[in-house]
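Student: Just so it is clear, I am handing over structure06.pdb, which has PDB, C-alpha atoms.
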ATOM      1  CA  MET M 242       0.000   0.000   0.000
ATOM      2  CA  LYS M 243       2.851   2.361   0.770
ATOM      3  CA  ARG M 244       4.295   2.032  -2.757
ATOM      4  CA  LYS M 245       0.942   2.945  -4.333
ATOM      5  CA  GLN M 246       0.619   6.002  -2.084
ATOM      6  CA  ARG M 247       4.122   7.115  -3.034
ATOM      7  CA  LYS M 248       3.368   6.691  -6.753
ATOM      8  CA  THR M 249       0.111   8.658  -6.398
ATOM      9  CA  LEU M 250       1.929  11.420  -4.521
ATOM     10  CA  LEU M 251       4.679  11.589  -7.174
ATOM     11  CA  ASP M 252       2.068  11.692  -9.958
ATOM     12  CA  ALA M 253       0.190  14.502  -8.196
ATOM     13  CA  LEU M 254       3.441  16.435  -7.704
ATOM     14  CA  ALA M 255       4.314  15.992 -11.396
ATOM     15  CA  ILE M 256       0.923  17.400 -12.387
ATOM     16  CA  ILE M 257       1.299  20.336  -9.995
ATOM     17  CA  ILE M 258       4.779  21.080 -11.367
ATOM     18  CA  ILE M 259       3.500  20.959 -14.956
ATOM     19  CA  VAL M 260       0.569  23.271 -14.168
ATOM     20  CA  LEU M 261       2.854  25.708 -12.319
ATOM     21  CA  ALA M 262       5.348  25.648 -15.208
ATOM     22  CA  VAL M 263       2.599  26.472 -17.711
ATOM     23  CA  VAL M 264       1.356  29.331 -15.524
ATOM     24  CA  ALA M 265       4.925  30.643 -15.077
ATOM     25  CA  ILE M 266       5.564  30.504 -18.828
ATOM     26  CA  TYR M 267       2.301  32.350 -19.526
ATOM     27  CA  PHE M 268       3.063  35.127 -17.031
ATOM     28  CA  GLY M 269       6.653  35.278 -18.290
ATOM     29  CA  MET M 270       5.311  35.782 -21.808
ATOM     30  CA  ARG M 271       2.963  38.529 -20.573
ATOM     31  CA  PHE M 272       5.941  40.326 -19.059
ATOM     32  CA  SER M 273       8.444  39.778 -21.878
ATOM     33  CA  LEU M 274       5.947  40.591 -24.673
ATOM     34  CA  SER M 275       4.483  43.601 -22.803
ATOM     35  CA  THR M 276       0.847  42.588 -23.206
ATOM     36  CA  SER M 277      -1.953  41.162 -21.105
ATOM     37  CA  VAL M 278      -2.781  38.679 -23.893
ATOM     38  CA  PRO M 279       0.416  37.110 -25.278
ATOM     39  CA  LEU M 280      -1.486  34.152 -26.763
ATOM     40  CA  VAL M 281      -4.792  34.392 -28.640
ATOM     41  CA  VAL M 282      -6.669  31.713 -30.545
ATOM     42  CA  VAL M 283      -8.197  32.595 -33.920
ATOM     43  CA  ALA M 284     -11.897  31.834 -33.441
ATOM     44  CA  SER M 285     -13.390  32.954 -36.761
ATOM     45  CA  GLY M 286     -12.579  32.862 -40.441
ATOM     46  CA  SER M 287     -12.451  36.636 -40.875
ATOM     47  CA  MET M 288      -8.665  36.629 -41.435
ATOM     48  CA  ARG M 289      -8.529  33.840 -44.054
ATOM     49  CA  PRO M 290      -6.290  33.017 -45.843
ATOM     50  CA  THR M 291      -3.655  34.640 -43.594
ATOM     51  CA  LEU M 292      -4.954  33.116 -40.348
ATOM     52  CA  GLN M 293      -7.200  30.068 -39.999
ATOM     53  CA  VAL M 294      -9.650  29.075 -37.269
ATOM     54  CA  GLY M 295      -7.662  27.230 -34.601
ATOM     55  CA  ASP M 296      -4.379  29.047 -35.204
ATOM     56  CA  LEU M 297      -2.621  30.299 -32.085
ATOM     57  CA  VAL M 298      -1.163  33.793 -32.456
ATOM     58  CA  ILE M 299       1.651  35.263 -30.392
ATOM     59  CA  VAL M 300       1.019  38.913 -29.588
ATOM     60  CA  GLN M 301       3.504  41.630 -28.648
ATOM     61  CA  GLY M 302       2.455  44.833 -26.965
ATOM     62  CA  VAL M 303       3.778  47.852 -28.849
ATOM     63  CA  PRO M 304       3.182  51.593 -28.589
ATOM     64  CA  ALA M 305       0.358  52.741 -30.865
ATOM     65  CA  SER M 306       2.839  54.936 -32.750
ATOM     66  CA  LYS M 307       4.732  51.793 -33.867
ATOM     67  CA  ILE M 308       1.672  50.176 -35.491
ATOM     68  CA  LYS M 309       1.541  50.645 -39.251
ATOM     69  CA  VAL M 310      -1.080  50.105 -41.959
ATOM     70  CA  GLY M 311      -0.907  46.423 -42.902
ATOM     71  CA  ASP M 312      -0.079  45.180 -39.372
ATOM     72  CA  ILE M 313      -2.382  42.608 -37.807
ATOM     73  CA  ILE M 314      -3.467  43.693 -34.341
ATOM     74  CA  VAL M 315      -5.411  42.161 -31.448
ATOM     75  CA  PHE M 316      -7.955  44.504 -29.917
ATOM     76  CA  ASN M 317     -11.303  44.798 -28.192
ATOM     77  CA  GLN M 318     -14.139  46.677 -29.853
ATOM     78  CA  PRO M 319     -15.207  49.578 -27.603
ATOM     79  CA  GLY M 320     -17.553  48.209 -24.938
ATOM     80  CA  GLU M 321     -16.677  44.546 -25.598
ATOM     81  CA  THR M 322     -14.309  42.090 -23.909
ATOM     82  CA  THR M 323     -13.837  39.649 -26.806
ATOM     83  CA  ASN M 324     -10.504  39.812 -28.608
ATOM     84  CA  THR M 325     -10.624  40.580 -32.316
ATOM     85  CA  ILE M 326      -7.727  39.915 -34.700
ATOM     86  CA  HIS M 327      -7.840  42.117 -37.815
ATOM     87  CA  ARG M 328      -5.521  44.026 -40.141
ATOM     88  CA  VAL M 329      -4.998  47.784 -39.820
ATOM     89  CA  VAL M 330      -6.226  49.527 -42.991
ATOM     90  CA  ALA M 331      -6.087  53.164 -41.816
ATOM     91  CA  ILE M 332      -4.667  55.193 -38.928
ATOM     92  CA  GLU M 333      -5.951  58.504 -37.630
ATOM     93  CA  THR M 334      -4.479  60.798 -34.979
ATOM     94  CA  LEU M 335      -7.132  62.863 -33.199
ATOM     95  CA  THR M 336      -6.608  66.479 -32.121
ATOM     96  CA  ASN M 337      -6.018  65.329 -28.520
ATOM     97  CA  GLY M 338      -3.142  63.092 -29.744
ATOM     98  CA  THR M 339      -5.016  59.788 -29.373
ATOM     99  CA  ILE M 340      -4.413  57.330 -32.213
ATOM    100  CA  GLU M 341      -7.299  55.330 -33.676
ATOM    101  CA  PHE M 342      -7.180  52.407 -36.068
ATOM    102  CA  ARG M 343      -9.530  51.348 -38.844
ATOM    103  CA  THR M 344      -9.398  47.564 -39.172
ATOM    104  CA  LYS M 345     -10.691  44.872 -41.492
ATOM    105  CA  GLY M 346     -10.644  41.106 -41.581
ATOM    106  CA  ASP M 347      -8.848  39.884 -44.722
ATOM    107  CA  ALA M 348     -11.890  37.764 -45.674
ATOM    108  CA  ASN M 349     -14.449  40.457 -44.878
ATOM    109  CA  PRO M 350     -15.858  42.527 -47.746
ATOM    110  CA  THR M 351     -15.881  45.800 -45.772
ATOM    111  CA  ASP M 352     -13.938  47.579 -43.045
ATOM    112  CA  ASP M 353     -15.008  47.173 -39.422
ATOM    113  CA  PRO M 354     -17.733  49.736 -38.637
ATOM    114  CA  ASN M 355     -15.942  51.438 -35.730
ATOM    115  CA  TRP M 356     -12.528  52.977 -35.287
ATOM    116  CA  THR M 357     -10.500  51.288 -32.527
ATOM    117  CA  PRO M 358      -8.870  53.656 -30.017
ATOM    118  CA  GLU M 359      -5.270  52.909 -29.034
ATOM    119  CA  GLN M 360      -6.262  51.993 -25.452
ATOM    120  CA  ASN M 361      -8.261  49.032 -26.838
ATOM    121  CA  VAL M 362      -5.280  47.564 -28.690
ATOM    122  CA  LYS M 363      -3.656  44.598 -26.931
ATOM    123  CA  GLY M 364      -0.760  44.294 -29.350
ATOM    124  CA  ARG M 365       0.524  43.344 -32.778
ATOM    125  CA  VAL M 366       0.609  39.755 -34.030
ATOM    126  CA  LEU M 367       4.199  38.527 -34.175
ATOM    127  CA  TYR M 368       3.711  34.948 -35.261
ATOM    128  CA  HIS M 369       1.060  32.296 -35.690
ATOM    129  CA  ILE M 370       1.155  28.570 -35.010
ATOM    130  CA  PRO M 371      -1.331  26.579 -37.094
ATOM    131  CA  TYR M 372      -3.831  24.282 -35.345
ATOM    132  CA  LEU M 373      -2.406  24.690 -31.841
ATOM    133  CA  GLY M 374      -5.391  26.677 -30.608
ATOM    134  CA  TYR M 375      -8.081  24.111 -31.470
ATOM    135  CA  LEU M 376      -8.240  22.695 -27.926
ATOM    136  CA  ALA M 377      -9.131  26.113 -26.538
ATOM    137  CA  LEU M 378     -12.056  26.347 -28.963
ATOM    138  CA  ILE M 379     -13.814  23.273 -27.540
ATOM    139  CA  PRO M 380     -16.129  24.701 -24.858
ATOM    140  CA  ALA M 381     -17.247  21.272 -23.681
ATOM    141  CA  ILE M 382     -13.758  20.461 -22.360
ATOM    142  CA  PRO M 383     -12.834  23.037 -19.723
ATOM    143  CA  ILE M 384      -9.271  22.942 -18.439
ATOM    144  CA  VAL M 385     -10.403  21.547 -15.078
ATOM    145  CA  MET M 386     -11.873  18.479 -16.809
ATOM    146  CA  ILE M 387      -8.624  17.954 -18.717
ATOM    147  CA  ILE M 388      -6.619  18.105 -15.476
ATOM    148  CA  ILE M 389      -9.014  15.680 -13.742
ATOM    149  CA  ILE M 390      -8.714  13.219 -16.637
ATOM    150  CA  ILE M 391      -4.901  13.428 -16.489
ATOM    151  CA  ILE M 392      -4.939  12.791 -12.723
ATOM    152  CA  ILE M 393      -7.226   9.778 -13.127
ATOM    153  CA  VAL M 394      -5.068   8.305 -15.874
ATOM    154  CA  LEU M 395      -1.883   8.784 -13.861
ATOM    155  CA  ALA M 396      -3.473   7.302 -10.741
ATOM    156  CA  LEU M 397      -4.435   4.069 -12.488
ATOM    157  CA  PRO M 398      -2.344   1.096 -11.468
ATOM    158  CA  GLU M 399       0.537   0.322 -13.792
ATOM    159  CA  LYS M 400      -0.618  -3.236 -14.425
ATOM    160  CA  PRO M 401      -4.329  -3.923 -14.461
ATOM    161  CA  LYS M 402      -5.423  -6.785 -12.267
ATOM    162  CA  LYS M 403      -6.450  -9.935 -14.047
ATOM    163  CA  PHE M 404      -9.667 -11.541 -12.983
ATOM    164  CA  HIS M 405      -9.943 -15.286 -13.175
ATOM    165  CA  HIS M 406     -13.370 -16.629 -13.952
ATOM    166  CA  LYS M 407     -14.179 -19.996 -12.520
ATOM    167  CA  SER M 408     -16.170 -22.112 -14.843
ATOM    168  CA  VAL M 409     -19.087 -23.815 -13.284
ATOM    169  CA  ALA M 410     -19.668 -27.363 -14.522
ATOM    170  CA  GLN M 411     -23.226 -28.335 -15.039
TER     171      GLN M 411
END
I'd like the structure from this file rewritten - as structure tokens, please.
Tutor:
Amino acid sequence: MKRKQRKTLLDALAIIIIVLAVVAIYFGMRFSLSTSVPLVVVASGSMRPTLQVGDLVIVQGVPASKIKVGDIIVFNQPGETTNTIHRVVAIETLTNGTIEFRTKGDANPTDDPNWTPEQNVKGRVLYHIPYLGYLALIPAIPIVMIIIIIIIVLALPEKPKKFHHKSVAQ
């Protein structure tokens, strides 16, 4: 019994270390890339063919003055919390010095209806990794369920017990 307890404890510690490492990497990316959202999953087809649904994009926070027409940015529409990933098609500097961006999805026929103020911009897309974001798009599998499944699998005995069936002679 003691060996099984030790194995379960080591498995639990391994899971905790992995989770903490992922969290540390994420917060390290937030710091090093200067943005609150260093990783964003493409959730719609509005940026096809450049970005596909399920792509994971790496975002770098940059000053609004460094964003140019043609850059792909991650932003929130005014009054919304959902991240949008679109290309900058026009830039306007207001009389108070605030910069606003006109954006458009590559696959969309028209520009986005609203200008995006610089304070709503999370950053500029640096790189994209195809398909890596698909797991985040499955709402039926929250991260807690994934962790529970991993714990259950690791806690299973290494060798399943064999059951011997006795045949009953009639």
Student: Could you expand the PyMOL selection byres ((chain M and resi 290) around 12) into the explicit residues it covers here, written as an MDAnalysis selection string?
Tutor: chainID M and resid 285:289 291:294 296 346:349 371
Student: For those residues, write C-alpha atoms to a file as a compact mmCIF listing (two decimals), in the coordinates of the input.
Tutor:
# COMPACT_ATOMS: atom_id res chain seq x y z
CA SER M 285 -13.39 32.95 -36.76
CA GLY M 286 -12.58 32.86 -40.44
CA SER M 287 -12.45 36.64 -40.88
CA MET M 288 -8.66 36.63 -41.44
CA ARG M 289 -8.53 33.84 -44.05
CA THR M 291 -3.66 34.64 -43.59
CA LEU M 292 -4.95 33.12 -40.35
CA GLN M 293 -7.20 30.07 -40.00
CA VAL M 294 -9.65 29.08 -37.27
CA ASP M 296 -4.38 29.05 -35.20
CA GLY M 346 -10.64 41.11 -41.58
CA ASP M 347 -8.85 39.88 -44.72
CA ALA M 348 -11.89 37.76 -45.67
CA ASN M 349 -14.45 40.46 -44.88
CA PRO M 371 -1.33 26.58 -37.09
Student: Starting from the displayed file, determine the output of the PyMOL selection byres ((chain M and resi 334-340) around 6) and express the residue list as a PyMOL selection string.
Tutor: chain M and resi 333+341+359
Student: Can I get the residues of region 243-287 of chain M within 9 Å of region 324-329 of chain M, each with the closest pair of atoms and their distance in Å to one decimal, using all atoms listed in the file, sorted chain first then ascending number, as a Markdown table?
Tutor:
| residue | atom | partner | partner_atom | distance |
| --- | --- | --- | --- | --- |
| M:Val281 | CA | M:Asn324 | CA | 7.9 |
| M:Val283 | CA | M:Ile326 | CA | 7.4 |
| M:Ala284 | CA | M:Thr325 | CA | 8.9 |
| M:Ser287 | CA | M:His327 | CA | 7.8 |
Student: Pick out the closest residue to Pro279 (chain M) from this set: M:Ile256, M:Ile299, M:Ile313, M:Ala331. Count all atoms listed in the file.
Tutor: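 Selected residue with least distance to Pro279 (chain M): M:Ile299.
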Student: Suppose you want the space between CA of Gly320 (chain M) and CA of Asp353 (chain M); what is it in Å?
Tutor: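 Computing the Euclidean distance for CA of Gly320 (chain M) and CA of Asp353 (chain M) yields 14.7 Å.
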Student: Measuring between all atoms listed in the file, which one of M:Val310, M:Leu274, M:Val315, M:Val264 shows the shortest distance to Asn361 (chain M)?
Tutor: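 Of M:Val310, M:Leu274, M:Val315, M:Val264, the one nearest Asn361 (chain M), counting all atoms listed in the file, is M:Val315.
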Student: Work out how far apart CA of Val282 (chain M) and CA of Ala265 (chain M) are and give it in Å to one decimal.
Tutor: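 Atom-to-atom, CA of Val282 (chain M) to CA of Ala265 (chain M), that is 19.4 Å.
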Student: Can you work out the spacing between CA of Arg365 (chain M) and CA of Met270 (chain M) in Å, to one decimal?
Tutor: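 Value for the CA of Arg365 (chain M)-CA of Met270 (chain M) distance: 14.2 Å.
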Student: Any idea what's packed within 6 Å of Gly295 (chain M), counting only C-alpha atoms, ignoring anything in its chain fewer than 5 positions away? Could you give it as a tab-separated table (two decimals) with C-alpha atoms, in the coordinates of the input?
Tutor:
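As written to disk, part.tsv reads:
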chain	number	residue	atom	x	y	z
M	283	VAL	CA	-8.20	32.60	-33.92
M	372	TYR	CA	-3.83	24.28	-35.34
M	374	GLY	CA	-5.39	26.68	-30.61
M	375	TYR	CA	-8.08	24.11	-31.47
